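> Sending over a structure as structure tokens; questions will come in a sec.
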Amino acid sequence: MSPVRAHVIVLAGPSGAGKSRLAERLGLPVLRLDDFYKQGDDPTLPRITDGANAGLVDWDHTDSWNRTAALAAIAELCWTGHTDVPVYDISSSRTTGTQALGLAGGTAFVAEGIFAQDIVEECRDRDFLGRAVCVTQHPLLTFVRRLRRDLAERRKPPLVLLRRGWHLMRDQRRIVDAARAAGCQVLTSDEAHAELSRRYARGPAE
């Protein structure tokens, strides 16, 4: 079997930890794994079972996204250097279209999202993996940055976002530990940028 054309840098970590910003700074093509969320009316979507948001879709549960489709896109990028990816609107919980993603002859790209740790093992087994990193920062800072972003983008009603953010802040240690157990190196955004840019970056977008 011939070697793959490109390798994937997996960026995992809590929502709001700085994965998207790090990907931008690296200057590499980015596959946004959050674009592989299921449609809002999909009957297989998991539901929150307790707390103030009980009954709502649990968008932080791994069953809320299409892991198979995301891995297929990664495989196509690694083997051919291009693929078509969905465009997902979080505020309406639906796919609004597709767009082409190409590597323009590059040999590395980033896959980032809150479920990124779920693909590390298979990417490694299929020789797609370049590096796997879990981006982290202080939980309170993550909470503030996540809430500010989600409110600005009107992702969900404000009270839902506040309650979700509080839950995720309390759950951050478990999220980071799970990513570490999946094979990710735990680093701050600046630490990850310094390490990854030495090998992969085309030119940081500062």
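Residues in the structure tokens are numbered from 1 in each chain, the chains being A, B, ... in the order shown, and ligands are numbered from 1 in the order shown.
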As a compact mmCIF listing (two decimals) with N, CA and C atoms, in the first residue's frame, please: every residue in chain A that a backbone DSSP assignment puts in helix (DSSP H, G or I).


```
# COMPACT_ATOMS: atom_id res chain seq x y z
N LYS A 19 -9.31 25.81 20.50
CA LYS A 19 -8.92 24.91 19.40
C LYS A 19 -8.99 25.62 18.05
N SER A 20 -10.08 26.33 17.81
CA SER A 20 -10.25 27.00 16.51
C SER A 20 -9.20 28.09 16.31
N ARG A 21 -8.92 28.84 17.35
CA ARG A 21 -7.92 29.89 17.27
C ARG A 21 -6.53 29.29 17.01
N LEU A 22 -6.22 28.20 17.67
CA LEU A 22 -4.93 27.54 17.44
C LEU A 22 -4.83 27.05 16.00
N ALA A 23 -5.90 26.45 15.50
CA ALA A 23 -5.90 25.98 14.12
C ALA A 23 -5.65 27.14 13.16
N GLU A 24 -6.28 28.28 13.42
CA GLU A 24 -6.08 29.47 12.59
C GLU A 24 -4.63 29.94 12.65
N ARG A 25 -4.05 29.93 13.82
CA ARG A 25 -2.67 30.39 13.98
C ARG A 25 -1.69 29.48 13.24
N LEU A 26 -1.99 28.20 13.15
CA LEU A 26 -1.09 27.28 12.47
C LEU A 26 -1.09 27.49 10.96
N LEU A 33 -14.78 19.43 12.91
CA LEU A 33 -15.55 18.24 13.23
C LEU A 33 -16.96 18.58 13.72
N ASP A 34 -17.15 19.79 14.25
CA ASP A 34 -18.49 20.18 14.68
C ASP A 34 -19.45 20.29 13.51
N ASP A 35 -18.94 20.38 12.28
CA ASP A 35 -19.82 20.41 11.12
C ASP A 35 -20.44 19.05 10.82
N PHE A 36 -20.02 18.03 11.57
CA PHE A 36 -20.58 16.69 11.38
C PHE A 36 -21.63 16.36 12.45
N THR A 62 -21.24 12.26 22.67
CA THR A 62 -20.60 11.79 21.43
C THR A 62 -21.59 11.23 20.41
N ASP A 63 -22.77 10.82 20.86
CA ASP A 63 -23.77 10.29 19.92
C ASP A 63 -24.49 11.39 19.15
N SER A 64 -24.15 12.66 19.41
CA SER A 64 -24.82 13.75 18.70
C SER A 64 -24.12 14.11 17.39
N ARG A 67 -19.61 10.36 13.57
CA ARG A 67 -18.19 10.01 13.60
C ARG A 67 -17.77 9.31 12.31
N THR A 68 -18.62 8.44 11.78
CA THR A 68 -18.29 7.69 10.56
C THR A 68 -18.04 8.64 9.39
N ALA A 69 -18.91 9.64 9.22
CA ALA A 69 -18.75 10.59 8.12
C ALA A 69 -17.49 11.43 8.31
N ALA A 70 -17.19 11.81 9.55
CA ALA A 70 -15.99 12.60 9.82
C ALA A 70 -14.74 11.81 9.48
N LEU A 71 -14.69 10.54 9.85
CA LEU A 71 -13.54 9.70 9.54
C LEU A 71 -13.40 9.47 8.04
N ALA A 72 -14.52 9.37 7.34
CA ALA A 72 -14.46 9.21 5.89
C ALA A 72 -13.85 10.44 5.23
N ALA A 73 -14.21 11.63 5.74
CA ALA A 73 -13.63 12.86 5.20
C ALA A 73 -12.14 12.94 5.48
N ILE A 74 -11.74 12.53 6.67
CA ILE A 74 -10.31 12.52 7.01
C ILE A 74 -9.56 11.57 6.10
N ALA A 75 -10.11 10.39 5.89
CA ALA A 75 -9.46 9.41 5.02
C ALA A 75 -9.29 9.96 3.60
N GLU A 76 -10.32 10.61 3.09
CA GLU A 76 -10.23 11.15 1.73
C GLU A 76 -9.19 12.25 1.64
N LEU A 77 -9.12 13.10 2.67
CA LEU A 77 -8.09 14.14 2.68
C LEU A 77 -6.69 13.53 2.75
N CYS A 78 -6.52 12.52 3.58
CA CYS A 78 -5.20 11.90 3.73
C CYS A 78 -4.76 11.19 2.45
N TRP A 79 -5.70 10.56 1.74
CA TRP A 79 -5.34 9.80 0.55
C TRP A 79 -5.33 10.63 -0.72
N THR A 80 -6.25 11.59 -0.85
CA THR A 80 -6.39 12.32 -2.12
C THR A 80 -6.06 13.80 -2.02
N ALA A 116 -12.99 15.37 19.09
CA ALA A 116 -11.79 14.98 18.34
C ALA A 116 -11.07 13.79 18.96
N GLN A 117 -11.10 13.65 20.27
CA GLN A 117 -10.42 12.52 20.90
C GLN A 117 -11.00 11.18 20.45
N ASP A 118 -12.25 11.19 19.96
CA ASP A 118 -12.89 9.94 19.55
C ASP A 118 -12.31 9.36 18.27
N ILE A 119 -11.53 10.14 17.54
CA ILE A 119 -10.98 9.65 16.26
C ILE A 119 -9.50 9.33 16.34
N VAL A 120 -8.86 9.62 17.47
CA VAL A 120 -7.40 9.48 17.57
C VAL A 120 -6.96 8.05 17.32
N GLU A 121 -7.59 7.11 17.98
CA GLU A 121 -7.14 5.71 17.87
C GLU A 121 -7.24 5.20 16.44
N GLU A 122 -8.37 5.45 15.78
CA GLU A 122 -8.52 4.95 14.41
C GLU A 122 -7.57 5.66 13.46
N CYS A 123 -7.38 6.97 13.64
CA CYS A 123 -6.42 7.68 12.78
C CYS A 123 -5.01 7.13 12.95
N ARG A 124 -4.66 6.78 14.17
CA ARG A 124 -3.34 6.19 14.41
C ARG A 124 -3.25 4.81 13.75
N ASP A 125 -4.29 4.00 13.91
CA ASP A 125 -4.27 2.65 13.37
C ASP A 125 -4.18 2.65 11.84
N PRO A 139 -10.36 26.49 33.81
CA PRO A 139 -11.79 26.29 33.56
C PRO A 139 -12.62 27.58 33.57
N LEU A 140 -12.30 28.52 34.44
CA LEU A 140 -13.07 29.75 34.48
C LEU A 140 -12.86 30.58 33.22
N LEU A 141 -11.64 30.62 32.72
CA LEU A 141 -11.35 31.34 31.49
C LEU A 141 -12.07 30.67 30.31
N THR A 142 -12.08 29.35 30.29
CA THR A 142 -12.79 28.62 29.25
C THR A 142 -14.28 28.95 29.30
N PHE A 143 -14.84 28.99 30.50
CA PHE A 143 -16.27 29.30 30.68
C PHE A 143 -16.60 30.68 30.10
N VAL A 144 -15.79 31.67 30.43
CA VAL A 144 -16.06 33.04 29.97
C VAL A 144 -15.93 33.14 28.46
N ARG A 145 -14.87 32.58 27.91
CA ARG A 145 -14.65 32.67 26.46
C ARG A 145 -15.71 31.90 25.69
N ARG A 146 -16.10 30.73 26.19
CA ARG A 146 -17.14 29.95 25.53
C ARG A 146 -18.48 30.69 25.55
N LEU A 147 -18.84 31.24 26.69
CA LEU A 147 -20.12 31.93 26.80
C LEU A 147 -20.15 33.17 25.92
N ARG A 148 -19.06 33.91 25.90
CA ARG A 148 -18.99 35.11 25.06
C ARG A 148 -19.14 34.74 23.59
N ARG A 149 -18.47 33.70 23.15
CA ARG A 149 -18.57 33.25 21.76
C ARG A 149 -19.98 32.77 21.44
N ASP A 150 -20.53 31.92 22.29
CA ASP A 150 -21.83 31.32 22.01
C ASP A 150 -22.94 32.37 21.99
N LEU A 151 -22.84 33.37 22.87
CA LEU A 151 -23.83 34.44 22.87
C LEU A 151 -23.70 35.30 21.62
N ALA A 152 -22.47 35.61 21.25
CA ALA A 152 -22.24 36.44 20.06
C ALA A 152 -22.77 35.77 18.80
N PRO A 158 -29.90 32.15 25.56
CA PRO A 158 -28.89 32.52 26.56
C PRO A 158 -28.93 31.67 27.83
N LEU A 159 -30.12 31.37 28.36
CA LEU A 159 -30.19 30.60 29.59
C LEU A 159 -29.66 29.18 29.38
N VAL A 160 -29.95 28.60 28.23
CA VAL A 160 -29.42 27.27 27.91
C VAL A 160 -27.90 27.31 27.85
N LEU A 161 -27.36 28.34 27.22
CA LEU A 161 -25.90 28.47 27.10
C LEU A 161 -25.24 28.66 28.46
N LEU A 162 -25.88 29.43 29.33
CA LEU A 162 -25.32 29.66 30.66
C LEU A 162 -25.30 28.36 31.47
N ARG A 163 -26.40 27.63 31.43
CA ARG A 163 -26.47 26.37 32.18
C ARG A 163 -25.50 25.35 31.62
N ARG A 164 -25.41 25.28 30.28
CA ARG A 164 -24.47 24.36 29.65
C ARG A 164 -23.05 24.71 30.02
N GLY A 165 -22.72 26.00 29.96
CA GLY A 165 -21.37 26.44 30.28
C GLY A 165 -20.97 26.11 31.70
N TRP A 166 -21.91 26.28 32.64
CA TRP A 166 -21.63 25.97 34.04
C TRP A 166 -21.34 24.47 34.19
N HIS A 167 -22.14 23.65 33.53
CA HIS A 167 -21.92 22.20 33.59
C HIS A 167 -20.57 21.82 32.99
N LEU A 168 -20.24 22.41 31.85
CA LEU A 168 -18.96 22.08 31.20
C LEU A 168 -17.77 22.55 32.01
N MET A 169 -17.91 23.67 32.70
CA MET A 169 -16.81 24.14 33.54
C MET A 169 -16.52 23.12 34.65
N ARG A 170 -17.58 22.61 35.25
CA ARG A 170 -17.41 21.62 36.32
C ARG A 170 -16.90 20.29 35.79
N GLN A 172 -14.75 19.96 33.18
CA GLN A 172 -13.57 20.12 32.33
C GLN A 172 -12.46 19.13 32.66
N ARG A 173 -12.24 18.86 33.94
CA ARG A 173 -11.17 17.93 34.29
C ARG A 173 -11.41 16.55 33.67
N ARG A 174 -12.66 16.08 33.72
CA ARG A 174 -12.98 14.78 33.14
C ARG A 174 -12.76 14.79 31.63
N ILE A 175 -13.15 15.89 30.97
CA ILE A 175 -12.98 16.00 29.52
C ILE A 175 -11.51 15.92 29.14
N VAL A 176 -10.68 16.64 29.87
CA VAL A 176 -9.24 16.64 29.58
C VAL A 176 -8.63 15.27 29.88
N ASP A 177 -9.03 14.66 30.98
CA ASP A 177 -8.51 13.33 31.32
C ASP A 177 -8.89 12.30 30.27
N ALA A 178 -10.10 12.41 29.72
CA ALA A 178 -10.55 11.47 28.68
C ALA A 178 -9.72 11.64 27.42
N ALA A 179 -9.40 12.88 27.07
CA ALA A 179 -8.57 13.14 25.89
C ALA A 179 -7.17 12.59 26.10
N ARG A 180 -6.64 12.77 27.28
CA ARG A 180 -5.30 12.23 27.58
C ARG A 180 -5.32 10.71 27.46
N ALA A 181 -6.35 10.09 27.99
CA ALA A 181 -6.45 8.63 27.93
C ALA A 181 -6.58 8.13 26.50
N SER A 189 -2.83 26.43 24.61
CA SER A 189 -2.82 26.83 23.21
C SER A 189 -1.45 27.34 22.78
N ASP A 190 -0.81 28.14 23.62
CA ASP A 190 0.51 28.67 23.28
C ASP A 190 1.56 27.57 23.23
N GLU A 191 1.51 26.64 24.17
CA GLU A 191 2.45 25.52 24.15
C GLU A 191 2.26 24.68 22.89
N ALA A 192 1.00 24.41 22.55
CA ALA A 192 0.72 23.62 21.36
C ALA A 192 1.18 24.33 20.09
N HIS A 193 0.94 25.65 20.03
CA HIS A 193 1.36 26.41 18.85
C HIS A 193 2.88 26.37 18.70
N ALA A 194 3.60 26.55 19.78
CA ALA A 194 5.06 26.54 19.71
C ALA A 194 5.58 25.20 19.23
N GLU A 195 4.98 24.12 19.72
CA GLU A 195 5.45 22.79 19.36
C GLU A 195 5.05 22.40 17.94
N LEU A 196 3.78 22.63 17.60
CA LEU A 196 3.30 22.21 16.29
C LEU A 196 3.83 23.07 15.15
N SER A 197 4.01 24.35 15.42
CA SER A 197 4.44 25.25 14.34
C SER A 197 5.87 24.94 13.88
```

> How close does segment 13-40 of chain A get to segment 94-109 of chain A? List, as a tab-separated table, each residue of segment 13-40 of chain A within 9 Å, its nearest atom pair and the distance in Å to one decimal, counting only C-alpha atoms.


```
residue	atom	partner	partner_atom	distance
A:Leu28	CA	A:Phe109	CA	5.5
A:Pro29	CA	A:Phe109	CA	5.0
A:Val30	CA	A:Phe109	CA	5.9
A:Leu31	CA	A:Phe109	CA	7.5
A:Asp35	CA	A:Thr95	CA	7.7
A:Phe36	CA	A:Thr95	CA	8.4
A:Tyr37	CA	A:Arg94	CA	8.0
A:Lys38	CA	A:Arg94	CA	7.3
A:Gln39	CA	A:Arg94	CA	4.8
A:Gly40	CA	A:Arg94	CA	5.9
```

> Using only C-alpha atoms for the distances, tell me which of A:Val10, A:Ala54, A:Ala182, A:Val85 is nearest to Val133 of chain A.

A:Val10

> One decimal, Å: what's the distance from atom CA of Glu112 of chain A over to atom CA of Pro3 of chain A, could you say?

23.3 Å

> Could you give me the residues within chain A that DSSP places in strand (DSSP E), as an MDAnalysis selection string?

chainID A and resid 7:12 30:32 82:89 94:102 108:112 129:135 185:187
